[in-house]
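Coordinates as given in model-v4.txt (compact mmCIF, C-alpha atoms and all ligand atoms):
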# COMPACT_ATOMS: atom_id res chain seq x y z
CA MET Z 1 -3.06 28.31 27.45
CA PRO Z 2 -1.18 26.01 29.85
CA PHE Z 3 0.46 24.05 26.98
CA ASN Z 4 2.99 24.91 24.34
CA LEU Z 5 1.54 23.46 21.15
CA CYS Z 6 3.88 25.28 18.81
CA LEU Z 7 5.48 23.16 16.06
CA ALA Z 8 7.50 25.97 14.49
CA GLU Z 9 10.79 24.68 15.87
CA ARG Z 10 10.30 21.20 14.41
CA GLU Z 11 9.12 22.79 11.17
CA ALA Z 12 12.27 24.91 10.93
CA LEU Z 13 14.47 21.85 11.49
CA GLY Z 14 12.68 19.89 8.77
CA LEU Z 15 11.41 17.49 11.44
CA ARG Z 16 7.71 18.24 11.48
CA ARG Z 17 5.62 15.16 10.74
CA ARG Z 18 2.31 15.02 8.92
CA LEU Z 19 -0.04 12.13 8.45
CA PRO Z 20 0.01 11.00 4.84
CA ALA Z 21 -3.49 10.57 3.39
CA ILE Z 22 -3.44 6.97 2.24
CA ASP Z 23 -6.55 5.58 0.61
CA LYS Z 24 -5.55 1.94 0.68
CA VAL Z 25 -2.35 0.00 1.32
CA THR Z 26 -1.17 -3.58 0.87
CA GLY Z 27 2.25 -5.20 1.19
CA ARG Z 28 3.06 -4.30 -2.41
CA GLN Z 29 0.99 -1.29 -3.36
CA LEU Z 30 -0.29 1.92 -1.95
CA PHE Z 31 -2.98 4.30 -3.21
CA SER Z 32 -3.03 7.98 -2.35
CA ALA Z 33 -4.78 10.92 -4.07
CA ASP Z 34 -5.76 8.76 -7.03
CA LYS Z 35 -2.20 7.67 -7.66
CA CYS Z 36 -0.78 4.19 -7.27
CA TYR Z 37 2.66 3.63 -5.71
CA LEU Z 38 4.86 0.64 -5.06
CA ASN Z 39 4.97 0.34 -1.29
CA PHE Z 40 8.46 0.04 0.22
CA ALA Z 41 7.50 1.48 3.60
CA GLY Z 42 5.30 -1.16 5.23
CA ASN Z 43 6.03 -4.20 7.39
CA ASP Z 44 3.87 -6.78 5.62
CA TYR Z 45 6.95 -8.90 4.96
CA LEU Z 46 5.14 -12.04 3.82
CA GLY Z 47 2.15 -10.40 2.14
CA PHE Z 48 -0.22 -11.81 4.78
CA SER Z 49 -2.38 -8.69 5.07
CA LEU Z 50 -4.28 -9.78 1.97
CA ALA Z 51 -4.05 -13.56 2.46
CA PRO Z 52 -7.43 -15.21 1.76
CA GLU Z 53 -6.97 -17.52 4.78
CA LEU Z 54 -6.83 -14.55 7.15
CA ILE Z 55 -9.71 -12.69 5.55
CA LYS Z 56 -11.91 -15.78 5.64
CA ALA Z 57 -11.07 -16.43 9.29
CA ALA Z 58 -11.86 -12.85 10.32
CA ASP Z 59 -15.11 -12.92 8.39
CA ALA Z 60 -16.25 -16.23 9.91
CA ALA Z 61 -15.32 -15.10 13.44
CA ALA Z 62 -17.24 -11.84 13.07
CA ARG Z 63 -20.35 -13.86 12.23
CA GLU Z 64 -19.85 -16.39 15.01
CA PHE Z 65 -18.55 -14.19 17.86
CA GLY Z 66 -19.40 -10.63 16.79
CA VAL Z 67 -16.98 -7.80 16.08
CA GLY Z 68 -16.13 -6.82 19.65
CA ALA Z 69 -14.75 -8.64 22.69
CA VAL Z 70 -17.39 -6.93 24.88
CA ALA Z 71 -15.09 -6.57 27.92
CA SER Z 72 -11.56 -6.68 29.26
CA PRO Z 73 -10.05 -10.19 29.65
CA LEU Z 74 -10.50 -10.56 33.43
CA VAL Z 75 -14.14 -9.52 33.22
CA VAL Z 76 -15.70 -11.57 30.39
CA GLY Z 77 -13.64 -10.67 27.30
CA TYR Z 78 -11.31 -13.70 27.29
CA GLN Z 79 -13.00 -16.19 24.94
CA ALA Z 80 -12.49 -19.53 23.20
CA ILE Z 81 -10.88 -17.94 20.13
CA HIS Z 82 -8.31 -16.18 22.35
CA ARG Z 83 -7.48 -19.39 24.21
CA GLN Z 84 -7.07 -21.26 20.93
CA LEU Z 85 -4.74 -18.57 19.60
CA GLU Z 86 -2.66 -18.55 22.80
CA SER Z 87 -2.34 -22.31 22.78
CA GLU Z 88 -1.20 -22.60 19.15
CA LEU Z 89 1.13 -19.62 19.49
CA ALA Z 90 2.77 -21.14 22.58
CA ASP Z 91 3.20 -24.51 20.80
CA TRP Z 92 4.72 -22.85 17.72
CA LEU Z 93 7.26 -20.87 19.71
CA GLY Z 94 8.00 -23.47 22.38
CA LEU Z 95 6.70 -21.32 25.24
CA GLU Z 96 4.91 -22.47 28.38
CA ALA Z 97 2.34 -19.68 28.30
CA VAL Z 98 1.44 -16.53 26.40
CA MET Z 99 -1.01 -13.65 26.76
CA LEU Z 100 -2.42 -11.30 24.13
CA PHE Z 101 -2.17 -7.51 24.00
CA SER Z 102 -3.80 -4.96 21.69
CA SER Z 103 -0.44 -3.60 20.64
CA GLY Z 104 3.26 -4.17 20.98
CA PHE Z 105 3.60 -0.73 22.46
CA SER Z 106 1.24 -1.55 25.31
CA ALA Z 107 2.77 -5.02 25.82
CA ASN Z 108 6.25 -3.58 26.30
CA GLN Z 109 5.00 -0.89 28.64
CA ALA Z 110 2.94 -3.36 30.65
CA VAL Z 111 5.75 -5.84 31.31
CA ILE Z 112 8.38 -3.33 32.28
CA LYS Z 113 6.02 -1.41 34.54
CA ALA Z 114 4.64 -4.56 36.15
CA LEU Z 115 8.00 -6.17 36.97
CA LEU Z 116 10.55 -3.50 37.77
CA THR Z 117 10.72 -1.53 41.00
CA LYS Z 118 13.19 1.11 42.10
CA GLU Z 119 15.40 -1.67 43.48
CA HIS Z 120 15.97 -2.99 39.94
CA LEU Z 121 18.26 -2.21 37.05
CA LEU Z 122 17.14 -2.23 33.42
CA TRP Z 123 19.72 -2.60 30.63
CA GLN Z 124 18.66 -1.64 27.13
CA ASP Z 125 20.34 -1.57 23.76
CA ARG Z 126 20.61 2.06 22.71
CA LEU Z 127 18.66 1.35 19.51
CA ASN Z 128 15.71 -0.36 21.20
CA HIS Z 129 12.24 0.69 20.04
CA ALA Z 130 10.60 3.81 21.49
CA SER Z 131 8.04 1.69 23.38
CA LEU Z 132 10.86 0.04 25.36
CA GLN Z 133 12.85 3.21 25.92
CA GLU Z 134 9.78 5.04 27.12
CA ALA Z 135 8.73 2.18 29.41
CA GLY Z 136 12.19 2.32 30.94
CA MET Z 137 11.99 6.07 31.47
CA LEU Z 138 8.58 5.81 33.14
CA SER Z 139 9.59 2.87 35.32
CA PRO Z 140 11.10 3.55 38.73
CA ALA Z 141 13.99 1.20 37.89
CA ARG Z 142 17.41 2.63 37.07
CA MET Z 143 17.96 2.36 33.32
CA ARG Z 144 21.34 1.85 31.69
CA ARG Z 145 21.77 1.96 27.93
CA PHE Z 146 24.57 0.07 26.22
CA ALA Z 147 25.99 0.86 22.79
CA HIS Z 148 24.24 -1.03 20.02
CA ASN Z 149 25.03 -4.76 20.27
CA ASP Z 150 28.12 -4.01 22.40
CA MET Z 151 28.35 -7.10 24.63
CA ALA Z 152 31.63 -5.98 26.22
CA GLN Z 153 30.08 -2.71 27.37
CA LEU Z 154 26.96 -4.49 28.63
CA ALA Z 155 29.14 -6.98 30.55
CA LYS Z 156 30.81 -4.06 32.34
CA GLN Z 157 27.46 -2.51 33.28
CA LEU Z 158 25.82 -5.70 34.59
CA LYS Z 159 25.41 -6.42 38.28
CA PRO Z 160 24.45 -9.90 39.46
CA LYS Z 161 20.79 -10.72 39.99
CA ALA Z 162 19.72 -7.11 39.71
CA GLY Z 163 17.16 -6.87 36.93
CA LEU Z 164 16.35 -7.18 33.25
CA ILE Z 165 18.28 -6.99 29.98
CA VAL Z 166 16.15 -6.04 26.95
CA SER Z 167 17.08 -6.14 23.29
CA GLU Z 168 15.49 -6.75 19.91
CA GLY Z 169 15.53 -9.68 17.54
CA VAL Z 170 15.76 -7.50 14.45
CA PHE Z 171 16.31 -3.78 14.98
CA SER Z 172 13.43 -1.86 13.46
CA MET Z 173 15.35 1.04 11.93
CA ASP Z 174 18.64 -0.73 11.13
CA GLY Z 175 17.53 -4.21 10.13
CA ASP Z 176 20.45 -5.96 11.82
CA GLN Z 177 19.96 -8.63 14.48
CA GLY Z 178 20.69 -8.59 18.21
CA ASP Z 179 23.51 -10.86 19.44
CA TRP Z 180 21.35 -13.45 21.18
CA GLN Z 181 24.14 -15.94 21.89
CA GLY Z 182 26.03 -13.12 23.60
CA LEU Z 183 23.00 -11.81 25.46
CA SER Z 184 21.93 -15.21 26.74
CA ALA Z 185 25.48 -16.00 27.91
CA LEU Z 186 25.59 -12.73 29.89
CA SER Z 187 22.13 -13.36 31.32
CA ASP Z 188 23.25 -16.84 32.45
CA GLN Z 189 26.52 -15.62 33.95
CA THR Z 190 24.97 -12.76 35.89
CA ASN Z 191 21.60 -14.25 36.82
CA ASN Z 192 19.69 -11.43 35.23
CA TRP Z 193 16.49 -11.90 33.27
CA LEU Z 194 16.46 -11.45 29.51
CA MET Z 195 13.67 -10.07 27.30
CA ILE Z 196 13.41 -10.16 23.51
CA ASP Z 197 11.24 -7.86 21.39
CA ASP Z 198 10.99 -9.86 18.18
CA ALA Z 199 8.53 -7.63 16.31
CA HIS Z 200 10.51 -7.92 13.08
CA GLY Z 201 11.84 -11.47 13.41
CA LEU Z 202 8.60 -13.34 14.10
CA GLY Z 203 7.30 -15.13 11.03
CA VAL Z 204 10.30 -14.18 8.92
CA LEU Z 205 13.37 -15.75 10.55
CA GLY Z 206 14.16 -19.19 11.91
CA LYS Z 207 12.69 -22.65 11.48
CA GLN Z 208 9.00 -22.42 10.57
CA GLY Z 209 9.27 -18.67 11.04
CA ARG Z 210 9.72 -18.98 14.81
CA GLY Z 211 11.88 -15.88 14.87
CA THR Z 212 15.32 -14.60 15.72
CA LEU Z 213 16.13 -17.04 18.55
CA SER Z 214 15.46 -20.01 16.30
CA GLU Z 215 17.52 -18.34 13.54
CA GLN Z 216 20.48 -17.96 15.91
CA GLY Z 217 20.14 -21.37 17.56
CA VAL Z 218 19.22 -20.01 21.00
CA ALA Z 219 16.73 -22.14 22.97
CA ALA Z 220 13.47 -20.37 23.81
CA ASP Z 221 13.93 -21.09 27.53
CA LYS Z 222 17.16 -19.05 27.60
CA VAL Z 223 14.99 -15.95 27.31
CA HIS Z 224 12.65 -15.21 30.20
CA ILE Z 225 10.28 -12.79 28.47
CA HIS Z 226 9.27 -13.08 24.83
CA MET Z 227 7.45 -10.29 23.06
CA GLY Z 228 6.28 -10.36 19.47
CA THR Z 229 3.78 -8.41 17.41
CA PHE Z 230 1.10 -9.47 14.96
CA GLY Z 231 1.23 -6.25 12.97
CA LYS Z 232 4.42 -6.92 11.04
CA ALA Z 233 5.00 -10.21 9.20
CA LEU Z 234 1.74 -11.70 10.50
CA GLY Z 235 -0.16 -8.99 8.67
CA VAL Z 236 -2.77 -8.13 11.33
CA SER Z 237 -2.12 -6.18 14.56
CA GLY Z 238 -1.76 -6.89 18.26
CA ALA Z 239 1.00 -8.51 20.26
CA PHE Z 240 1.85 -11.16 22.83
CA ILE Z 241 4.03 -11.68 25.85
CA GLY Z 242 5.27 -15.21 26.44
CA GLY Z 243 7.26 -17.02 29.10
CA SER Z 244 6.68 -19.25 32.10
CA GLN Z 245 3.17 -19.88 33.44
CA LEU Z 246 4.29 -18.15 36.63
CA LEU Z 247 5.22 -14.99 34.71
CA ILE Z 248 1.98 -14.94 32.74
CA ASP Z 249 -0.14 -15.52 35.87
CA TYR Z 250 1.67 -12.62 37.52
CA LEU Z 251 1.07 -10.36 34.52
CA HIS Z 252 -2.64 -11.30 34.44
CA ASN Z 253 -2.74 -9.62 37.84
CA HIS Z 254 -0.32 -6.75 37.39
CA ALA Z 255 -0.13 -5.72 33.71
CA ARG Z 256 -2.36 -2.67 33.82
CA SER Z 257 -2.79 -2.20 30.08
CA TYR Z 258 -4.04 -5.82 30.00
CA VAL Z 259 -6.31 -5.70 33.01
CA TYR Z 260 -7.92 -2.35 32.21
CA SER Z 261 -8.28 -2.66 28.44
CA THR Z 262 -10.93 -4.27 26.21
CA HIS Z 263 -9.67 -7.59 24.87
CA LEU Z 264 -8.81 -8.17 21.19
CA PRO Z 265 -11.87 -8.35 18.91
CA PRO Z 266 -12.63 -11.99 17.96
CA PRO Z 267 -12.20 -11.38 14.20
CA GLN Z 268 -8.72 -10.01 14.91
CA ALA Z 269 -7.83 -13.02 17.09
CA ALA Z 270 -9.14 -15.36 14.38
CA ALA Z 271 -7.10 -13.62 11.67
CA ILE Z 272 -3.98 -13.82 13.86
CA LEU Z 273 -4.64 -17.54 14.48
CA ALA Z 274 -4.87 -18.08 10.71
CA ALA Z 275 -1.61 -16.13 10.32
CA VAL Z 276 0.12 -18.24 12.99
CA ARG Z 277 -0.87 -21.40 11.09
CA LEU Z 278 0.12 -19.95 7.73
CA ALA Z 279 3.48 -18.68 9.01
CA GLN Z 280 4.59 -22.18 9.97
CA THR Z 281 4.36 -23.38 6.38
CA ALA Z 282 5.32 -20.16 4.60
CA ASP Z 283 8.79 -21.33 3.50
CA GLU Z 284 8.00 -20.30 -0.06
CA GLN Z 285 7.21 -16.71 0.97
CA ARG Z 286 10.31 -16.61 3.18
CA GLU Z 287 12.48 -17.80 0.27
CA GLN Z 288 10.87 -15.25 -2.01
CA LEU Z 289 11.59 -12.49 0.52
CA GLN Z 290 15.22 -13.65 0.82
CA ALA Z 291 15.60 -13.54 -2.96
CA ARG Z 292 14.27 -9.95 -3.04
CA ILE Z 293 16.65 -8.95 -0.23
CA GLN Z 294 19.63 -10.40 -2.12
CA GLN Z 295 18.53 -8.72 -5.35
CA PHE Z 296 18.11 -5.37 -3.61
CA ARG Z 297 21.46 -5.53 -1.82
CA ALA Z 298 23.35 -6.56 -4.92
CA GLY Z 299 21.88 -3.60 -6.84
CA ALA Z 300 22.14 -1.06 -4.02
CA ALA Z 301 25.83 -1.84 -3.52
CA ASN Z 302 26.48 -0.05 -6.83
CA LEU Z 303 24.72 3.16 -5.75
CA PRO Z 304 26.57 6.12 -4.23
CA LEU Z 305 24.60 5.50 -1.02
CA GLN Z 306 25.51 3.89 2.26
CA LEU Z 307 23.91 0.47 2.64
CA LEU Z 308 23.82 -0.82 6.23
CA LEU Z 309 24.74 -4.38 7.20
CA SER Z 310 21.32 -5.97 7.24
CA ASN Z 311 20.22 -9.36 5.96
CA THR Z 312 16.55 -8.80 6.77
CA ALA Z 313 13.59 -7.17 5.03
CA ILE Z 314 14.57 -3.81 6.57
CA GLN Z 315 17.18 -2.20 4.31
CA PRO Z 316 18.19 1.31 5.41
CA LEU Z 317 20.05 3.56 2.99
CA LEU Z 318 21.97 6.62 4.13
CA LEU Z 319 23.14 9.31 1.75
CA GLY Z 320 26.81 9.26 0.77
CA LYS Z 321 29.74 11.51 1.59
CA GLU Z 322 29.05 14.96 3.08
CA LEU Z 323 25.28 14.38 3.04
CA VAL Z 324 25.36 11.34 5.38
CA GLY Z 325 22.39 11.58 7.73
CA ASP Z 326 21.29 14.98 6.38
CA GLU Z 327 17.60 15.41 7.18
CA GLN Z 328 16.57 17.66 4.33
CA ALA Z 329 18.53 15.77 1.68
CA THR Z 330 17.05 12.48 2.88
CA LEU Z 331 13.57 13.96 2.69
CA ASN Z 332 14.28 15.33 -0.79
CA LEU Z 333 15.40 11.93 -1.98
CA SER Z 334 12.28 10.26 -0.65
CA ASN Z 335 10.12 12.96 -2.32
CA ARG Z 336 11.89 12.40 -5.61
CA LEU Z 337 11.20 8.66 -5.37
CA ARG Z 338 7.56 9.42 -4.60
CA GLU Z 339 7.25 11.52 -7.75
CA GLN Z 340 8.36 8.44 -9.64
CA GLY Z 341 5.78 6.20 -7.96
CA PHE Z 342 7.81 4.65 -5.10
CA TRP Z 343 6.71 5.11 -1.49
CA VAL Z 344 9.77 4.98 0.78
CA GLY Z 345 9.93 6.35 4.33
CA ALA Z 346 12.44 9.05 5.24
CA ILE Z 347 13.22 8.28 8.87
CA ARG Z 348 14.50 11.24 10.85
CA PRO Z 349 15.14 12.15 14.50
CA PRO Z 350 13.78 11.53 17.03
CA THR Z 351 12.98 8.08 15.57
CA VAL Z 352 16.71 7.61 14.82
CA PRO Z 353 19.70 9.36 16.46
CA LYS Z 354 20.69 12.82 15.17
CA GLY Z 355 22.80 12.70 12.05
CA SER Z 356 21.56 9.27 10.97
CA SER Z 357 18.48 10.13 8.90
CA ARG Z 358 17.87 7.48 6.34
CA LEU Z 359 15.58 5.94 3.81
CA ARG Z 360 14.04 2.90 5.44
CA ILE Z 361 13.28 0.55 2.60
CA THR Z 362 11.26 -2.50 3.53
CA LEU Z 363 10.86 -5.46 1.24
CA SER Z 364 8.08 -8.02 1.07
CA ALA Z 365 7.48 -11.40 -0.49
CA ALA Z 366 4.63 -9.59 -2.23
CA HIS Z 367 7.15 -7.60 -4.31
CA SER Z 368 8.15 -9.01 -7.68
CA GLN Z 369 11.63 -9.08 -9.12
CA THR Z 370 10.52 -6.34 -11.53
CA ASP Z 371 9.37 -4.15 -8.60
CA ILE Z 372 12.84 -4.30 -7.04
CA ALA Z 373 14.58 -3.63 -10.33
CA ALA Z 374 12.35 -0.58 -10.85
CA LEU Z 375 13.12 0.71 -7.35
CA LEU Z 376 16.87 0.36 -7.93
CA GLN Z 377 16.57 2.22 -11.23
CA ALA Z 378 14.58 5.03 -9.58
CA LEU Z 379 17.13 5.28 -6.76
CA GLN Z 380 19.92 5.59 -9.27
CA GLU Z 381 18.17 8.40 -11.12
CA SER Z 382 17.05 10.23 -7.98
CA VAL Z 383 20.51 10.18 -6.43
CA ARG Z 384 22.03 11.49 -9.62
CA SER Z 385 19.65 14.43 -9.80
CA GLU Z 386 20.10 15.12 -6.07
CA ALA Z 387 23.88 15.38 -6.35
C1 LIG W 401 6.28 -2.06 15.79
C2 LIG W 401 7.11 -2.32 16.99
C3 LIG W 401 6.57 -2.31 18.28
C4 LIG W 401 5.17 -1.86 18.54
O1 LIG W 401 4.26 -2.80 18.13
P1 LIG W 401 2.77 -2.35 17.77
O2 LIG W 401 2.01 -3.61 17.82
O3 LIG W 401 2.84 -1.75 16.41
O4 LIG W 401 2.36 -1.36 18.81
C5 LIG W 401 7.38 -2.66 19.34
N1 LIG W 401 8.67 -2.99 19.15
C6 LIG W 401 9.23 -2.97 17.92
C7 LIG W 401 10.67 -3.35 17.78
C8 LIG W 401 8.47 -2.63 16.81
O5 LIG W 401 9.03 -2.58 15.61

Write the structure described by the file as structure tokens, please.
Amino acid sequence: MPFNLCLAEREALGLRRRLPAIDKVTGRQLFSADKCYLNFAGNDYLGFSLAPELIKAADAAAREFGVGAVASPLVVGYQAIHRQLESELADWLGLEAVMLFSSGFSANQAVIKALLTKEHLLWQDRLNHASLQEAGMLSPARMRRFAHNDMAQLAKQLKPKAGLIVSEGVFSMDGDQGDWQGLSALSDQTNNWLMIDDAHGLGVLGKQGRGTLSEQGVAADKVHIHMGTFGKALGVSGAFIGGSQLLIDYLHNHARSYVYSTHLPPPQAAAILAAVRLAQTADEQREQLQARIQQFRAGAANLPLQLLLSNTAIQPLLLGKELVGDEQATLNLSNRLREQGFWVGAIRPPTVPKGSSRLRITLSAAHSQTDIAALLQALQESVRSEA
């Protein structure tokens, strides 16, 4: 056999992954093997995955346009529903133009591969998502990683007019925000382009849910490439790249995972369009989410666990003292919670750096105050029995 398919090493390190058999999942609940759990592992921050507006839109679009896009966008797959979605998305976010992708992973790969040559430099925050890190590794550009949110270190690495700086709005495993005032100042000073991956900020942060830049008071035109996904707070799936018309026209020609891939199914585009409309008026859901975050943080501060500095729906918890970042102990804790009916992800390397395994607790507007109180209680009991 020309390939080494052995997983024994990962198994021995407690790092082997297995697909959980989920029967059905929503922002709040999860069903598996005839048991019901409270779901604290998803990204449905506003509870949109079950919103009647989205379901109705998908249903109507399936009847009107069919369930498939029939072709890639440059052939005949780019239809009225896609144009409508692009137009409203661009208006919402204050962008000149946007284009749709099937996934955030492919959007990130497409942009970095289409723009950067071996003459360019690519600067990435060390904690950027795997899709960005991998795109950088596959690209012929020289990649430099700077310590998480360390603007002084980035400033030292930067060369004028040499390439692209990429960071995230809200970091997916830590829940803290990128320093967008700092990043945009450095981009200005050095004449380098700036790209934001706002997968976890879109819909949740900023005025009308416009995302991290709006939250931090950074004008959209300070950032040359905007990326966001529809699979997190917007409750569907898919992604977009936004920026100048010039950039989008270029990507229509050079983004290979766009050109050579079937376009988004019309029911999906219609559901995303409904989500874009709903997100702009979802202040109540955003307030509800904030209240749950505050409640969780206040309670978790009393636990013998390490709570990271995050004011978003992503609330990582590391074990305390000598067990900080321990893979097996983190897994044990998440199993203990599961036995009590709480589904919480144990995030281990290589998703996070070695020695920083954690519970990644995600909160949603769909959770009730009672749900959070029950989670805190279960954490307290599980930690006690683990110690
Ligand atoms: C989820 C995520 C992606 C990938 O998006 P998909 O649409 O799920 O492929 C990219 N970047 C970040 C920061 C993410 O959290």

Residue nearest ligand LIG 401 (chain W) among Z:Leu127, Z:Ala41, Z:Ala162, Z:Leu154 (counting all atoms listed in the file): Z:Leu127

Minimum-distance residue to Tyr37 (chain Z), chosen among Z:Gln340, Z:Gln268, Z:Gln369, Z:Ser257 (using only C-alpha atoms): Z:Gln340

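Residues in contact with region 305-308 of chain Z at 7 Å, where only C-alpha atoms are counted and same-chain residues fewer than 5 positions away are skipped, are listed as Pro316, Leu317, Leu318, Leu319 and Gly320 of chain Z.
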
Counting all atoms listed in the file, the option among Z:Leu50, Z:Ala282, Z:Leu158, Z:Ile241 closest to ligand LIG 401 (chain W): Z:Ile241

Answer as a PyMOL selection string, residues within 9 Å of (17.4, 8.3, 9.0) using all atoms listed in the file: chain Z and resi 173+316-318+325-327+330+346-349+351-360

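Ranking Z:Gly169, Z:Pro73, Z:Pro20, Z:Gly341 by their shortest atom-to-atom distance to ligand LIG 401 (chain W), with all atoms listed in the file included, puts Z:Gly169 first.
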
Distance query region 100-116 of chain Z at most 6 Å, all atoms listed in the file, self and fewer than 5 positions along chain excluded, as a list in words: Ser131, Leu132, Ala135, Ser139, Ala141, Thr229, Gly238, Ala239, Phe240, His254, Ala255, Ser257 and Leu264 of chain Z

Selected residue, from Z:Ile81, Z:Leu375, Z:Val276, Z:Ile196, that lies nearest to ligand LIG 401 (chain W) when counting only C-alpha atoms and all ligand atoms: Z:Ile196

Who sits within 12 Å of His148 (chain Z), only C-alpha atoms, same chain under 2 positions skipped, as an MDAnalysis selection string: chainID Z and resid 123:128 145:146 150:154 166:168 171 174 176:179 353

Of the listed residues Z:Ile361, Z:Ile314, Z:Ala300, Z:Leu5, that which approaches Gln377 (chain Z) most closely, counting only C-alpha atoms: Z:Ala300

Nearby residues (only C-alpha atoms) at most 9 Å from Gly201 (chain Z), same-chain spacing under 6 positions excluded, as an MDAnalysis selection string: chainID Z and resid 168:170 177 209:213 215 228 233 312

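Picture a line from CA of Asn191 (chain Z) to CA of Pro140 (chain Z); it runs 20.8 Å.
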
Pull C-alpha atoms for region 252-299 of chain Z from the block and write them as a PDB file, in the first residue's frame.
ATOM      1  CA  HIS Z 252     -14.496  35.825 -11.152  1.00  0.00           C
ATOM      2  CA  ASN Z 253     -11.655  35.039 -13.536  1.00  0.00           C
ATOM      3  CA  HIS Z 254      -9.041  33.579 -11.224  1.00  0.00           C
ATOM      4  CA  ALA Z 255     -10.693  32.017  -8.148  1.00  0.00           C
ATOM      5  CA  ARG Z 256     -10.545  28.380  -9.169  1.00  0.00           C
ATOM      6  CA  SER Z 257     -12.896  27.001  -6.525  1.00  0.00           C
ATOM      7  CA  TYR Z 258     -15.464  29.532  -7.808  1.00  0.00           C
ATOM      8  CA  VAL Z 259     -14.970  29.012 -11.519  1.00  0.00           C
ATOM      9  CA  TYR Z 260     -14.863  25.212 -11.413  1.00  0.00           C
ATOM     10  CA  SER Z 261     -17.555  24.530  -8.824  1.00  0.00           C
ATOM     11  CA  THR Z 262     -21.353  24.235  -9.039  1.00  0.00           C
ATOM     12  CA  HIS Z 263     -22.988  27.405  -7.738  1.00  0.00           C
ATOM     13  CA  LEU Z 264     -25.002  27.536  -4.493  1.00  0.00           C
ATOM     14  CA  PRO Z 265     -28.404  25.810  -4.718  1.00  0.00           C
ATOM     15  CA  PRO Z 266     -31.208  28.407  -5.039  1.00  0.00           C
ATOM     16  CA  PRO Z 267     -32.967  27.293  -1.814  1.00  0.00           C
ATOM     17  CA  GLN Z 268     -29.695  27.866   0.049  1.00  0.00           C
ATOM     18  CA  ALA Z 269     -29.244  31.322  -1.508  1.00  0.00           C
ATOM     19  CA  ALA Z 270     -32.862  32.177  -0.634  1.00  0.00           C
ATOM     20  CA  ALA Z 271     -32.416  31.052   2.984  1.00  0.00           C
ATOM     21  CA  ILE Z 272     -29.221  33.117   3.257  1.00  0.00           C
ATOM     22  CA  LEU Z 273     -31.038  36.146   1.799  1.00  0.00           C
ATOM     23  CA  ALA Z 274     -33.758  35.733   4.434  1.00  0.00           C
ATOM     24  CA  ALA Z 275     -31.025  35.466   7.091  1.00  0.00           C
ATOM     25  CA  VAL Z 276     -29.323  38.640   5.829  1.00  0.00           C
ATOM     26  CA  ARG Z 277     -32.627  40.515   6.154  1.00  0.00           C
ATOM     27  CA  LEU Z 278     -33.382  39.026   9.562  1.00  0.00           C
ATOM     28  CA  ALA Z 279     -29.889  39.737  10.909  1.00  0.00           C
ATOM     29  CA  GLN Z 280     -30.288  43.473  10.331  1.00  0.00           C
ATOM     30  CA  THR Z 281     -33.221  43.656  12.736  1.00  0.00           C
ATOM     31  CA  ALA Z 282     -32.167  40.951  15.193  1.00  0.00           C
ATOM     32  CA  ASP Z 283     -31.248  43.328  18.037  1.00  0.00           C
ATOM     33  CA  GLU Z 284     -33.424  41.335  20.405  1.00  0.00           C
ATOM     34  CA  GLN Z 285     -31.566  38.088  19.672  1.00  0.00           C
ATOM     35  CA  ARG Z 286     -28.219  39.889  19.972  1.00  0.00           C
ATOM     36  CA  GLU Z 287     -29.233  41.309  23.363  1.00  0.00           C
ATOM     37  CA  GLN Z 288     -30.411  37.895  24.480  1.00  0.00           C
ATOM     38  CA  LEU Z 289     -27.077  36.373  23.434  1.00  0.00           C
ATOM     39  CA  GLN Z 290     -25.180  39.100  25.317  1.00  0.00           C
ATOM     40  CA  ALA Z 291     -27.225  38.402  28.447  1.00  0.00           C
ATOM     41  CA  ARG Z 292     -26.375  34.675  28.223  1.00  0.00           C
ATOM     42  CA  ILE Z 293     -22.680  35.490  27.737  1.00  0.00           C
ATOM     43  CA  GLN Z 294     -22.680  37.721  30.840  1.00  0.00           C
ATOM     44  CA  GLN Z 295     -24.546  35.094  32.857  1.00  0.00           C
ATOM     45  CA  PHE Z 296     -22.129  32.370  31.783  1.00  0.00           C
ATOM     46  CA  ARG Z 297     -19.008  34.420  32.509  1.00  0.00           C
ATOM     47  CA  ALA Z 298     -20.233  35.533  35.907  1.00  0.00           C
ATOM     48  CA  GLY Z 299     -20.912  31.905  36.896  1.00  0.00           C
TER      49      GLY Z 299
END
